[in-house]
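Just start_37.cif here, mmCIF, C-alpha atoms:
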data_coords
#
loop_
_atom_site.label_atom_id
_atom_site.label_comp_id
_atom_site.auth_asym_id
_atom_site.auth_seq_id
_atom_site.Cartn_x
_atom_site.Cartn_y
_atom_site.Cartn_z
CA MET A 20 11.78 -22.76 14.42
CA ALA A 21 15.04 -20.91 13.77
CA VAL A 22 15.82 -19.91 10.22
CA SER A 23 19.10 -18.66 8.79
CA LEU A 24 19.07 -15.04 7.68
CA SER A 25 21.73 -13.27 5.62
CA LEU A 26 21.53 -9.65 4.59
CA THR A 27 23.53 -6.46 4.41
CA VAL A 28 22.94 -3.86 7.11
CA ASN A 29 24.55 -0.43 6.72
CA GLY A 30 27.01 -1.89 4.24
CA LYS A 31 28.12 -4.80 6.41
CA PRO A 32 27.16 -8.41 5.73
CA VAL A 33 25.17 -9.95 8.59
CA THR A 34 24.27 -13.60 9.12
CA ALA A 35 22.07 -14.74 11.98
CA SER A 36 19.67 -17.43 13.06
CA VAL A 37 16.24 -16.00 13.82
CA GLU A 38 12.81 -17.21 14.77
CA ALA A 39 10.50 -16.94 11.75
CA ARG A 40 8.21 -14.48 13.54
CA THR A 41 11.00 -12.00 14.29
CA LEU A 42 10.10 -8.59 12.91
CA LEU A 43 12.75 -6.66 10.98
CA VAL A 44 12.68 -3.86 13.58
CA ASP A 45 13.25 -6.31 16.44
CA PHE A 46 16.10 -7.94 14.53
CA LEU A 47 17.76 -4.56 14.04
CA ARG A 48 17.24 -3.41 17.63
CA GLU A 49 17.60 -6.60 19.66
CA HIS A 50 20.00 -8.69 17.58
CA LEU A 51 22.19 -5.97 16.07
CA ASN A 52 21.75 -3.35 18.83
CA LEU A 53 20.88 -0.72 16.22
CA THR A 54 18.49 1.12 18.50
CA GLY A 55 18.26 4.28 16.39
CA THR A 56 15.30 2.70 14.61
CA HIS A 57 12.38 3.22 16.99
CA VAL A 58 9.19 1.34 17.77
CA GLY A 59 6.43 3.88 18.25
CA CYS A 60 3.04 2.33 17.59
CA ASP A 61 4.04 -1.19 16.51
CA THR A 62 1.01 -1.15 14.19
CA ALA A 63 2.55 0.30 11.01
CA GLN A 64 1.00 3.71 11.47
CA CYS A 65 3.55 6.04 13.04
CA GLY A 66 6.63 5.45 10.86
CA ALA A 67 9.19 5.75 13.70
CA CYS A 68 10.57 2.36 12.53
CA THR A 69 11.24 3.50 8.94
CA VAL A 70 14.38 2.05 7.35
CA HIS A 71 15.50 1.61 3.74
CA LEU A 72 15.10 -1.84 2.20
CA ASP A 73 16.94 -2.07 -1.11
CA GLY A 74 16.77 1.71 -1.34
CA LYS A 75 13.11 2.15 -0.50
CA ALA A 76 11.57 3.41 2.74
CA VAL A 77 9.62 0.70 4.56
CA LYS A 78 8.11 0.24 8.01
CA ALA A 79 10.35 -2.27 9.78
CA CYS A 80 7.66 -3.14 12.35
CA ASN A 81 5.43 -4.47 9.58
CA LEU A 82 7.93 -6.79 7.88
CA LEU A 83 9.40 -10.09 8.93
CA ALA A 84 13.17 -10.01 9.19
CA LEU A 85 13.10 -12.93 6.75
CA GLN A 86 11.46 -10.72 4.12
CA ALA A 87 14.78 -8.84 4.03
CA GLN A 88 16.69 -12.04 3.18
CA GLY A 89 19.51 -11.17 0.77
CA SER A 90 18.57 -7.48 0.78
CA LYS A 91 20.40 -4.30 1.66
CA VAL A 92 19.02 -2.54 4.73
CA VAL A 93 20.08 0.97 5.77
CA THR A 94 19.10 2.36 9.17
CA ILE A 95 19.54 5.84 10.64
CA GLU A 96 22.96 4.71 11.89
CA GLY A 97 23.99 4.08 8.31
CA VAL A 98 23.19 7.41 6.66
CA SER A 99 26.05 9.49 8.07
CA PRO A 100 29.71 9.05 7.18
CA ALA A 101 32.03 7.16 9.54
CA ASP A 102 33.74 10.39 10.67
CA GLY A 103 30.65 11.29 12.70
CA THR A 104 29.47 14.24 10.62
CA LEU A 105 25.75 14.39 9.97
CA HIS A 106 23.94 13.52 6.75
CA PRO A 107 22.69 16.76 5.11
CA MET A 108 19.11 15.82 6.02
CA GLN A 109 20.07 15.26 9.67
CA ALA A 110 21.94 18.57 9.68
CA ALA A 111 18.86 20.31 8.25
CA PHE A 112 16.67 18.87 11.04
CA ARG A 113 19.11 20.25 13.63
CA GLU A 114 19.45 23.61 11.90
CA HIS A 115 15.68 24.14 11.49
CA HIS A 116 14.63 22.75 14.87
CA GLY A 117 12.86 19.85 13.15
CA LEU A 118 12.71 17.82 16.35
CA GLN A 119 11.31 18.33 19.80
CA CYS A 120 11.41 15.09 21.79
CA GLY A 121 13.19 13.41 18.86
CA PHE A 122 11.41 10.07 19.02
CA CYS A 123 9.93 10.24 15.52
CA THR A 124 13.04 11.85 14.03
CA PRO A 125 14.92 8.74 12.78
CA GLY A 126 11.81 7.67 10.85
CA MET A 127 11.20 11.19 9.57
CA VAL A 128 14.80 11.46 8.33
CA MET A 129 14.73 8.02 6.66
CA SER A 130 11.42 8.84 4.95
CA ALA A 131 12.67 12.24 3.87
CA ILE A 132 15.91 10.90 2.35
CA ASP A 133 13.93 8.31 0.36
CA PHE A 134 11.39 10.89 -0.80
CA VAL A 135 14.00 13.47 -1.82
CA GLY A 136 15.64 10.73 -3.87
CA VAL A 137 12.59 10.67 -6.16
CA ASN A 138 11.66 14.35 -5.84
CA ALA A 139 14.77 16.50 -5.46
CA VAL A 140 12.90 19.82 -5.46
CA PRO A 141 9.76 19.18 -3.41
CA THR A 142 7.11 21.76 -2.60
CA GLU A 143 5.77 22.14 0.92
CA THR A 144 2.54 20.37 -0.07
CA GLN A 145 4.49 17.46 -1.58
CA VAL A 146 6.57 17.12 1.60
CA ARG A 147 3.43 17.04 3.73
CA GLU A 148 1.91 14.35 1.49
CA ALA A 149 5.14 12.34 1.47
CA LEU A 150 5.32 12.37 5.29
CA ASP A 151 1.76 11.03 5.56
CA GLY A 152 3.07 7.80 7.11
CA ASN A 153 5.20 9.52 9.77
CA LEU A 154 3.54 10.83 12.91
CA CYS A 155 5.05 13.37 15.33
CA ARG A 156 3.20 13.41 18.64
CA CYS A 157 4.88 16.65 19.63
CA THR A 158 3.03 17.85 16.49
CA GLY A 159 6.05 19.79 15.35
CA TYR A 160 5.19 19.30 11.72
CA HIS A 161 5.86 22.84 10.53
CA ASN A 162 9.57 22.76 11.33
CA ILE A 163 9.85 19.18 10.11
CA VAL A 164 8.53 20.24 6.70
CA GLN A 165 10.92 23.23 6.64
CA SER A 166 13.78 20.86 7.58
CA VAL A 167 12.98 18.46 4.73
CA ILE A 168 12.86 21.30 2.18
CA ALA A 169 16.21 22.60 3.48
CA GLY A 170 17.63 19.06 3.56
CA ALA A 171 16.56 18.52 -0.03
CA LYS A 172 18.35 21.69 -1.02
CA ALA A 173 21.49 20.61 0.82
CA MET A 174 21.35 17.16 -0.83
CA ARG A 175 21.19 18.86 -4.24
CA GLY A 176 24.42 20.61 -3.26
CA THR A 177 23.02 24.09 -3.80
CA PRO A 178 23.86 26.67 -1.12
CA MET B 11 2.50 -13.08 16.92
CA TYR B 12 2.11 -16.83 17.25
CA THR B 13 4.90 -18.86 15.77
CA PHE B 14 4.65 -20.44 12.33
CA THR B 15 6.79 -22.27 9.81
CA TYR B 16 8.30 -20.03 7.15
CA HIS B 17 8.88 -21.09 3.55
CA LYS B 18 10.46 -19.08 0.76
CA ALA B 19 8.99 -20.15 -2.58
CA SER B 20 11.44 -20.29 -5.47
CA SER B 21 8.78 -20.50 -8.19
CA LEU B 22 5.03 -20.50 -8.64
CA ALA B 23 4.97 -24.29 -8.75
CA ASP B 24 7.10 -24.45 -5.59
CA ALA B 25 4.69 -22.05 -3.83
CA ALA B 26 1.69 -24.21 -4.79
CA THR B 27 3.43 -27.35 -3.51
CA LYS B 28 4.43 -25.74 -0.20
CA LEU B 29 0.99 -24.20 0.31
CA GLY B 30 -0.66 -27.56 -0.45
CA ALA B 31 1.52 -29.38 2.08
CA ALA B 32 0.74 -26.96 4.93
CA ALA B 33 -1.99 -27.65 7.51
CA ASP B 34 -3.28 -24.07 7.55
CA GLY B 35 -0.94 -22.20 5.25
CA LYS B 36 -1.17 -18.67 3.93
CA LEU B 37 0.65 -16.89 1.14
CA LEU B 38 2.82 -13.92 2.13
CA ALA B 39 2.82 -11.21 -0.55
CA GLY B 40 3.87 -7.81 0.81
CA GLY B 41 2.35 -8.65 4.18
CA GLN B 42 1.19 -5.10 4.89
CA THR B 43 -2.17 -6.42 6.10
CA LEU B 44 -1.23 -10.00 6.99
CA ILE B 45 1.74 -9.23 9.26
CA ALA B 46 -0.32 -6.63 11.13
CA ALA B 47 -3.19 -9.14 11.51
CA MET B 48 -0.77 -11.81 12.78
CA LYS B 49 0.70 -9.39 15.32
CA LEU B 50 -2.81 -8.81 16.64
CA ARG B 51 -3.41 -12.58 16.56
CA LEU B 52 -6.37 -12.01 14.25
CA ALA B 53 -4.60 -14.45 11.94
CA ALA B 54 -2.49 -17.39 13.07
CA PRO B 55 -1.50 -19.51 10.06
CA SER B 56 0.55 -22.65 10.63
CA ASP B 57 2.78 -21.83 7.66
CA LEU B 58 3.67 -18.77 5.58
CA VAL B 59 4.78 -19.23 1.98
CA ASP B 60 6.69 -16.09 0.97
CA LEU B 61 6.19 -15.14 -2.70
CA GLY B 62 8.80 -12.37 -2.53
CA ALA B 63 11.48 -14.14 -4.54
CA ILE B 64 9.33 -15.12 -7.54
CA ALA B 65 10.35 -12.69 -10.28
CA GLU B 66 7.67 -13.89 -12.72
CA LEU B 67 4.98 -12.46 -10.44
CA ARG B 68 6.28 -8.89 -10.79
CA GLY B 69 5.97 -6.50 -13.68
CA ILE B 70 3.66 -4.42 -15.82
CA LYS B 71 3.07 -4.90 -19.53
CA VAL B 72 0.73 -3.61 -22.21
CA ASP B 73 -0.85 -6.53 -24.04
CA GLY B 74 -3.01 -5.25 -26.90
CA GLY B 75 -5.98 -3.49 -25.33
CA ASN B 76 -5.08 -4.64 -21.83
CA LEU B 77 -2.70 -3.65 -19.10
CA VAL B 78 -1.44 -6.77 -17.35
CA ILE B 79 0.07 -6.30 -13.88
CA GLY B 80 1.83 -9.07 -11.96
CA ALA B 81 0.39 -9.99 -8.57
CA MET B 82 3.56 -9.10 -6.65
CA THR B 83 3.87 -5.64 -8.21
CA THR B 84 3.90 -3.03 -5.44
CA HIS B 85 1.48 -0.12 -5.24
CA ALA B 86 4.47 2.23 -5.61
CA ALA B 87 5.53 0.47 -8.84
CA VAL B 88 2.00 0.74 -10.26
CA ALA B 89 1.79 4.43 -9.29
CA ALA B 90 5.17 5.22 -10.89
CA SER B 91 4.74 3.13 -14.06
CA ALA B 92 4.79 5.13 -17.30
CA ASP B 93 2.57 2.46 -18.89
CA VAL B 94 -0.07 2.73 -16.17
CA ARG B 95 0.07 6.53 -16.08
CA GLY B 96 -0.25 6.63 -19.86
CA LYS B 97 -2.93 3.96 -20.40
CA ILE B 98 -5.06 4.09 -17.23
CA PRO B 99 -4.11 7.22 -15.25
CA ALA B 100 -6.99 6.61 -12.82
CA LEU B 101 -5.36 3.32 -11.82
CA ALA B 102 -2.00 5.02 -11.14
CA HIS B 103 -3.86 7.66 -9.13
CA LEU B 104 -5.63 4.95 -7.13
CA ALA B 105 -2.36 3.14 -6.35
CA GLU B 106 -0.77 6.44 -5.28
CA GLY B 107 -3.49 6.93 -2.67
CA ILE B 108 -3.21 3.57 -0.89
CA GLY B 109 -1.93 3.74 2.71
CA ASP B 110 1.28 5.77 2.88
CA ARG B 111 4.62 5.80 1.01
CA MET B 112 6.20 3.05 3.09
CA VAL B 113 3.16 0.78 2.80
CA ARG B 114 3.05 1.39 -0.97
CA ASN B 115 6.70 0.35 -1.26
CA VAL B 116 5.84 -3.12 0.07
CA GLY B 117 2.10 -3.79 -0.38
CA THR B 118 1.09 -5.59 -3.57
CA LEU B 119 -1.79 -5.73 -6.04
CA GLY B 120 -2.28 -9.47 -5.56
CA GLY B 121 -2.24 -9.26 -1.79
CA SER B 122 -4.86 -6.51 -1.76
CA VAL B 123 -7.11 -8.33 -4.22
CA ALA B 124 -6.85 -11.68 -2.41
CA ASN B 125 -7.60 -10.06 0.96
CA ASN B 126 -10.69 -8.21 -0.38
CA ASP B 127 -10.92 -5.78 2.50
CA PRO B 128 -14.34 -4.06 2.23
CA ALA B 129 -12.60 -0.66 2.26
CA ALA B 130 -9.61 -1.46 0.04
CA ASP B 131 -9.04 0.56 -3.14
CA TYR B 132 -8.04 -2.07 -5.70
CA PRO B 133 -11.34 -4.03 -5.73
CA ALA B 134 -13.04 -0.84 -7.01
CA ALA B 135 -10.55 -0.63 -9.89
CA LEU B 136 -10.96 -4.30 -10.84
CA VAL B 137 -14.76 -4.17 -10.87
CA GLY B 138 -14.85 -0.62 -12.22
CA LEU B 139 -12.73 -1.57 -15.21
CA GLY B 140 -14.14 -5.08 -15.75
CA ALA B 141 -10.73 -6.62 -15.10
CA THR B 142 -9.82 -10.31 -15.05
CA VAL B 143 -8.02 -11.99 -12.15
CA ILE B 144 -5.46 -14.50 -13.42
CA THR B 145 -4.48 -17.46 -11.24
CA GLN B 146 -2.20 -20.40 -11.97
CA LYS B 147 -5.35 -22.39 -12.79
CA ARG B 148 -7.84 -20.08 -14.52
CA ARG B 149 -9.07 -16.59 -15.35
CA ILE B 150 -11.85 -15.09 -13.20
CA ALA B 151 -13.91 -12.02 -14.13
CA ALA B 152 -13.75 -9.38 -11.40
CA ASP B 153 -17.56 -9.37 -11.21
CA ASP B 154 -17.40 -13.03 -10.11
CA PHE B 155 -14.26 -12.75 -8.01
CA PHE B 156 -15.29 -10.57 -5.06
CA ARG B 157 -17.88 -12.61 -3.18
CA GLY B 158 -18.39 -10.77 0.13
CA MET B 159 -16.54 -9.38 3.12
CA TYR B 160 -12.94 -10.72 2.89
CA GLU B 161 -14.31 -13.48 0.65
CA THR B 162 -13.23 -14.20 -2.92
CA ALA B 163 -13.72 -16.90 -5.55
CA LEU B 164 -10.20 -18.24 -4.88
CA GLU B 165 -10.13 -21.95 -4.10
CA ALA B 166 -7.77 -23.59 -1.62
CA GLY B 167 -4.28 -23.62 -3.08
CA GLU B 168 -5.11 -21.15 -5.85
CA ILE B 169 -2.54 -18.37 -6.35
CA ILE B 170 -3.19 -15.05 -8.08
CA THR B 171 -0.47 -14.45 -10.69
CA GLY B 172 -1.74 -11.16 -12.07
CA VAL B 173 -4.63 -8.96 -13.12
CA SER B 174 -5.54 -7.96 -16.68
CA PHE B 175 -7.17 -4.51 -16.89
CA PRO B 176 -8.93 -3.55 -20.14
CA ILE B 177 -7.72 -0.07 -21.16
CA PRO B 178 -10.81 2.19 -21.07
CA LYS B 179 -11.62 5.29 -23.08
CA ARG B 180 -11.68 7.19 -19.80
CA ALA B 181 -11.84 6.46 -16.10
CA GLY B 182 -11.76 8.18 -12.73
CA TYR B 183 -11.30 7.18 -9.10
CA VAL B 184 -12.10 9.35 -6.11
CA LYS B 185 -12.17 8.26 -2.51
CA PHE B 186 -13.26 9.87 0.71
CA PRO B 187 -10.57 8.47 2.97
CA ASN B 188 -10.72 7.86 6.67
CA PRO B 189 -8.28 10.54 7.86
CA ALA B 190 -6.40 8.14 10.14
CA SER B 191 -6.20 4.89 8.17
CA ARG B 192 -6.56 6.25 4.60
CA TYR B 193 -8.94 3.37 3.90
CA ALA B 194 -11.97 4.41 1.86
CA ILE B 195 -15.08 5.43 3.79
CA VAL B 196 -16.43 5.57 0.23
CA GLY B 197 -14.45 5.16 -2.99
CA VAL B 198 -15.97 5.19 -6.46
CA PHE B 199 -14.31 4.02 -9.68
CA VAL B 200 -16.05 4.93 -12.94
CA SER B 201 -15.00 3.98 -16.45
CA GLU B 202 -16.27 4.15 -20.00
CA GLY B 203 -14.81 1.57 -22.34
CA SER B 204 -15.56 -0.90 -25.10
CA THR B 205 -17.92 -2.87 -22.84
CA GLY B 206 -19.82 0.21 -21.70
CA VAL B 207 -19.92 2.24 -18.51
CA ARG B 208 -19.02 0.80 -15.11
CA VAL B 209 -19.46 2.26 -11.64
CA ALA B 210 -17.88 0.36 -8.75
CA VAL B 211 -18.09 1.36 -5.09
CA THR B 212 -15.73 0.33 -2.29
CA GLY B 213 -15.88 1.11 1.44
CA ALA B 214 -19.64 1.56 1.55
CA GLY B 215 -20.83 -2.07 1.66
CA PRO B 216 -19.64 -5.47 2.86
CA SER B 217 -17.74 -5.85 -0.43
CA VAL B 218 -17.21 -3.88 -3.64
CA PHE B 219 -20.41 -3.48 -5.69
CA ARG B 220 -21.65 -1.95 -8.95
CA VAL B 221 -24.43 0.62 -9.19
CA PRO B 222 -26.57 -0.31 -12.24
CA SER B 223 -28.78 2.79 -11.98
CA MET B 224 -25.71 5.03 -12.24
CA GLU B 225 -24.27 2.98 -15.09
CA LYS B 226 -27.54 3.38 -16.99
CA ALA B 227 -27.64 7.12 -16.42
CA LEU B 228 -24.00 7.55 -17.46
CA SER B 229 -24.51 5.39 -20.56
CA ALA B 230 -27.16 7.86 -21.69
CA SER B 231 -24.95 10.86 -20.85
CA PHE B 232 -21.44 10.56 -19.42
CA SER B 233 -21.60 13.62 -17.21
CA ALA B 234 -21.82 14.49 -13.51
CA GLU B 235 -25.23 16.08 -14.15
CA ALA B 236 -26.59 12.70 -15.29
CA LEU B 237 -26.09 11.37 -11.73
CA LYS B 238 -27.86 14.21 -9.94
CA SER B 239 -31.22 12.45 -9.72
CA VAL B 240 -29.82 8.94 -9.03
CA ALA B 241 -30.19 8.07 -5.34
CA VAL B 242 -28.42 5.15 -3.62
CA ASP B 243 -30.29 2.85 -1.23
CA ALA B 244 -28.70 2.93 2.24
CA SER B 245 -30.31 -0.26 3.53
CA ALA B 246 -27.49 -2.61 2.48
CA LEU B 247 -24.62 -0.24 3.33
CA ASN B 248 -22.20 -0.20 6.27
CA GLY B 249 -22.78 2.01 9.27
CA ASP B 250 -20.04 2.42 11.89
CA MET B 251 -18.39 4.99 14.15
CA HIS B 252 -16.91 6.74 11.11
CA ALA B 253 -20.06 7.13 9.02
CA SER B 254 -23.70 6.02 9.11
CA ALA B 255 -25.21 4.02 6.24
CA GLU B 256 -27.26 7.06 5.19
CA TYR B 257 -24.16 9.25 5.14
CA ARG B 258 -22.31 6.67 3.06
CA ALA B 259 -25.24 6.48 0.59
CA HIS B 260 -25.08 10.25 0.21
CA LEU B 261 -21.29 10.12 -0.22
CA VAL B 262 -21.58 7.52 -2.99
CA SER B 263 -23.59 10.02 -5.06
CA VAL B 264 -21.24 12.92 -4.35
CA ILE B 265 -18.04 10.93 -4.88
CA ALA B 266 -19.40 9.28 -8.06
CA ARG B 267 -19.99 12.72 -9.56
CA ARG B 268 -16.45 13.77 -8.67
CA ALA B 269 -15.09 10.57 -10.23
CA VAL B 270 -16.97 11.33 -13.46
CA GLU B 271 -15.54 14.85 -13.46
CA GLN B 272 -12.06 13.39 -13.00
CA ALA B 273 -12.64 10.94 -15.87
CA LEU B 274 -13.64 13.88 -18.04
CA GLY B 275 -10.40 15.63 -17.09
CA ARG B 276 -12.08 18.46 -15.22
#

So that I can check it, write out the structure of this file as structure tokens.
Amino acid sequence: MAVSLSLTVNGKPVTASVEARTLLVDFLREHLNLTGTHVGCDTAQCGACTVHLDGKAVKACNLLALQAQGSKVVTIEGVSPADGTLHPMQAAFREHHGLQCGFCTPGMVMSAIDFVGVNAVPTETQVREALDGNLCRCTGYHNIVQSVIAGAKAMRGTP
Amino acid sequence: MYTFTYHKASSLADAATKLGAAADGKLLAGGQTLIAAMKLRLAAPSDLVDLGAIAELRGIKVDGGNLVIGAMTTHAAVAASADVRGKIPALAHLAEGIGDRMVRNVGTLGGSVANNDPAADYPAALVGLGATVITQKRRIAADDFFRGMYETALEAGEIITGVSFPIPKRAGYVKFPNPASRYAIVGVFVSEGSTGVRVAVTGAGPSVFRVPSMEKALSASFSAEALKSVAVDASALNGDMHASAEYRAHLVSVIARRAVEQALGR
């Protein structure tokens, strides 16, 4: 049964007709072609599908698209300005070699931006705890943690 | 996931009506367990009634000697609440340890309680504090609510609206989490309040349970030392690939002592 869905994605209003069982991540990837949000495990463990729903990090593979009805969704495509420059957190991941194969990176960045929003000056331990729901199978965690700390600093605007 | 008919409830009464009209309907709270179960086809309801838009089911308030939390309040909201952190810090600590950040931003108190997973955290808090489950029809003491593995006292069509937690003198919650899932291999909630001492264990048995021998020992002396000679019978406990029943019985004693230390602020 198709249901009407209206929401805002990366600042733009979107209206679509979806099957009730459509997952938010499939809606973003298949209907809107926003393929920056990845499907890693599809069981809500790896966090590669992390997006922001009304400002909070969520796992888009574990939500129905209809649960985002009327909400504001931001994906990795929506964090950087239109001129193509990187978000400070993305820039920090590049600068500190926070990615190897890059598959987990969109989820890591979306988690990190959300976390830094509530803890602007995180310690290394706090970053590791905050990234509990994001798995990197290249196991490049050390540089990811360093990237998030640097990204937090950049988001605070301190040199 | 098998297909189903989706309904968005506009109010509690609307949710009850829509649930009642469905052949095999289920309520959708945060869905952090239900959606995953449906994807695996472990659950295949004919209808889902989404409670997400019902504002009256969200919120945290102090009501005399109780902390009343709405069923649709997320784990993240409980963990961050100044009221919860001030009145029952062990409850905020428990909420902060459920799943991961993203799951906590969506998963709800009511959903966790209604699901009654044998290894979930919240059942330990409800039984460990002597809380009351509030539905649109009645109030149910936590001791009577959790009936067995994934089984509760909820009747067909009954909807949890909130939980009332008595504010204790002190309380602690410690869990030994499975390193992959973060579910409790053993979790112990202890409290000392106006109705006495409570010790509730999750993860170790088919459903949350109290340990009367520990409660008696702690009533005589609320200290970790008081539990040193209290053994836990392994015969009714879970054994699986993660931990044998004997290991869980041992963990209950160790984790209970740590929970008492936490309650004492050590």

(Q) I need the output of the PyMOL selection byres ((chain B and resi 158) around 8) for this file as a list in words; which residues are they? (A)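 Output from the PyMOL selection byres ((chain B and resi 158) around 8), applied to this file: Phe156, Arg157, Met159, Tyr160, Glu161, Thr162, Pro216, Ser217 and Val218 of chain B.
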
Translate the PyMOL selection byres ((chain A) within 10 of (chain B)) into a concrete residue list for this structure, as an mmCIF file with C-alpha atoms, in the frame of the given file.
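So result-v9.cif came out as:
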data_model
loop_
_atom_site.group_PDB
_atom_site.id
_atom_site.type_symbol
_atom_site.label_atom_id
_atom_site.label_comp_id
_atom_site.auth_asym_id
_atom_site.auth_seq_id
_atom_site.Cartn_x
_atom_site.Cartn_y
_atom_site.Cartn_z
ATOM 1 C CA MET A 20 11.780 -22.760 14.420
ATOM 2 C CA ALA A 21 15.040 -20.910 13.770
ATOM 3 C CA VAL A 22 15.820 -19.910 10.220
ATOM 4 C CA GLU A 38 12.810 -17.210 14.770
ATOM 5 C CA ALA A 39 10.500 -16.940 11.750
ATOM 6 C CA ARG A 40 8.210 -14.480 13.540
ATOM 7 C CA THR A 41 11.000 -12.000 14.290
ATOM 8 C CA LEU A 42 10.100 -8.590 12.910
ATOM 9 C CA ASP A 61 4.040 -1.190 16.510
ATOM 10 C CA THR A 62 1.010 -1.150 14.190
ATOM 11 C CA ALA A 63 2.550 0.300 11.010
ATOM 12 C CA GLN A 64 1.000 3.710 11.470
ATOM 13 C CA GLY A 66 6.630 5.450 10.860
ATOM 14 C CA THR A 69 11.240 3.500 8.940
ATOM 15 C CA VAL A 70 14.380 2.050 7.350
ATOM 16 C CA HIS A 71 15.500 1.610 3.740
ATOM 17 C CA LEU A 72 15.100 -1.840 2.200
ATOM 18 C CA LYS A 75 13.110 2.150 -0.500
ATOM 19 C CA ALA A 76 11.570 3.410 2.740
ATOM 20 C CA VAL A 77 9.620 0.700 4.560
ATOM 21 C CA LYS A 78 8.110 0.240 8.010
ATOM 22 C CA ALA A 79 10.350 -2.270 9.780
ATOM 23 C CA CYS A 80 7.660 -3.140 12.350
ATOM 24 C CA ASN A 81 5.430 -4.470 9.580
ATOM 25 C CA LEU A 82 7.930 -6.790 7.880
ATOM 26 C CA LEU A 83 9.400 -10.090 8.930
ATOM 27 C CA LEU A 85 13.100 -12.930 6.750
ATOM 28 C CA GLN A 86 11.460 -10.720 4.120
ATOM 29 C CA ALA A 87 14.780 -8.840 4.030
ATOM 30 C CA GLN A 88 16.690 -12.040 3.180
ATOM 31 C CA SER A 130 11.420 8.840 4.950
ATOM 32 C CA ASP A 133 13.930 8.310 0.360
ATOM 33 C CA PHE A 134 11.390 10.890 -0.800
ATOM 34 C CA GLU A 148 1.910 14.350 1.490
ATOM 35 C CA ALA A 149 5.140 12.340 1.470
ATOM 36 C CA LEU A 150 5.320 12.370 5.290
ATOM 37 C CA ASP A 151 1.760 11.030 5.560
ATOM 38 C CA GLY A 152 3.070 7.800 7.110
ATOM 39 C CA ASN A 153 5.200 9.520 9.770
#

Q.
Here's the selection I'm unsure about, the PyMOL selection byres ((chain B and resi 229) around 12); applied to the file above, which residues does it give, as a VMD selection string?
A. chain B and resid 200 to 209 222 to 228 230 to 234 236 to 237 270

Atoms kept (C-alpha atoms) for selection, written as a PDB file, keeping the file's coordinate frame:
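Listing of part.pdb after writing:
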ATOM      1  CA  VAL B 200     -16.050   4.930 -12.940  1.00  0.00           C
ATOM      2  CA  SER B 201     -15.000   3.980 -16.450  1.00  0.00           C
ATOM      3  CA  GLU B 202     -16.270   4.150 -20.000  1.00  0.00           C
ATOM      4  CA  GLY B 203     -14.810   1.570 -22.340  1.00  0.00           C
ATOM      5  CA  SER B 204     -15.560  -0.900 -25.100  1.00  0.00           C
ATOM      6  CA  THR B 205     -17.920  -2.870 -22.840  1.00  0.00           C
ATOM      7  CA  GLY B 206     -19.820   0.210 -21.700  1.00  0.00           C
ATOM      8  CA  VAL B 207     -19.920   2.240 -18.510  1.00  0.00           C
ATOM      9  CA  ARG B 208     -19.020   0.800 -15.110  1.00  0.00           C
ATOM     10  CA  VAL B 209     -19.460   2.260 -11.640  1.00  0.00           C
ATOM     11  CA  PRO B 222     -26.570  -0.310 -12.240  1.00  0.00           C
ATOM     12  CA  SER B 223     -28.780   2.790 -11.980  1.00  0.00           C
ATOM     13  CA  MET B 224     -25.710   5.030 -12.240  1.00  0.00           C
ATOM     14  CA  GLU B 225     -24.270   2.980 -15.090  1.00  0.00           C
ATOM     15  CA  LYS B 226     -27.540   3.380 -16.990  1.00  0.00           C
ATOM     16  CA  ALA B 227     -27.640   7.120 -16.420  1.00  0.00           C
ATOM     17  CA  LEU B 228     -24.000   7.550 -17.460  1.00  0.00           C
ATOM     18  CA  ALA B 230     -27.160   7.860 -21.690  1.00  0.00           C
ATOM     19  CA  SER B 231     -24.950  10.860 -20.850  1.00  0.00           C
ATOM     20  CA  PHE B 232     -21.440  10.560 -19.420  1.00  0.00           C
ATOM     21  CA  SER B 233     -21.600  13.620 -17.210  1.00  0.00           C
ATOM     22  CA  ALA B 234     -21.820  14.490 -13.510  1.00  0.00           C
ATOM     23  CA  ALA B 236     -26.590  12.700 -15.290  1.00  0.00           C
ATOM     24  CA  LEU B 237     -26.090  11.370 -11.730  1.00  0.00           C
ATOM     25  CA  VAL B 270     -16.970  11.330 -13.460  1.00  0.00           C
TER      26      VAL B 270
END

(Q) Rounded to one decimal, what separation in Å do you get between CA of Glu106 in chain B and CA of Ala89 in chain B? (A)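 The value is 5.2 Å.
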
Q. Which residues, written as JSON, numbers by chain, have at least one atom at most 12 Å from Asp34 in chain B, with all atoms listed in the file counted and residues fewer than 3 positions away on the same chain left out?
A. {"B": [14, 15, 28, 29, 30, 31, 37, 53, 54, 55, 56, 57, 58, 59, 166, 167]}

Q: Give me, please, the distance in Å between CA of Glu168 in chain B and CA of Ala130 in chain B, quoted to one decimal.
A: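 CA of Ala130 in chain B lies 21.0 Å from CA of Glu168 in chain B.
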
Q: Could you jot down the CA of Gly74 in chain A to CA of Gly97 in chain A separation for me, Å, one decimal place?
A: 12.3 Å

Name the residues in contact with Glu66 in chain B at a cut-off of 9 Å, using only C-alpha atoms, excluding same-chain residues fewer than 2 positions from it; report them as a short mmCIF file (atom, residue, chain, number, x, y, z; two decimals) with C-alpha atoms, in the frame of the given file.
data_model
loop_
_atom_site.label_atom_id
_atom_site.label_comp_id
_atom_site.auth_asym_id
_atom_site.auth_seq_id
_atom_site.Cartn_x
_atom_site.Cartn_y
_atom_site.Cartn_z
CA SER B 21 8.78 -20.50 -8.19
CA LEU B 22 5.03 -20.50 -8.64
CA ILE B 64 9.33 -15.12 -7.54
CA ARG B 68 6.28 -8.89 -10.79
CA GLY B 69 5.97 -6.50 -13.68
CA GLY B 80 1.83 -9.07 -11.96
CA MET B 82 3.56 -9.10 -6.65
CA THR B 171 -0.47 -14.45 -10.69
#
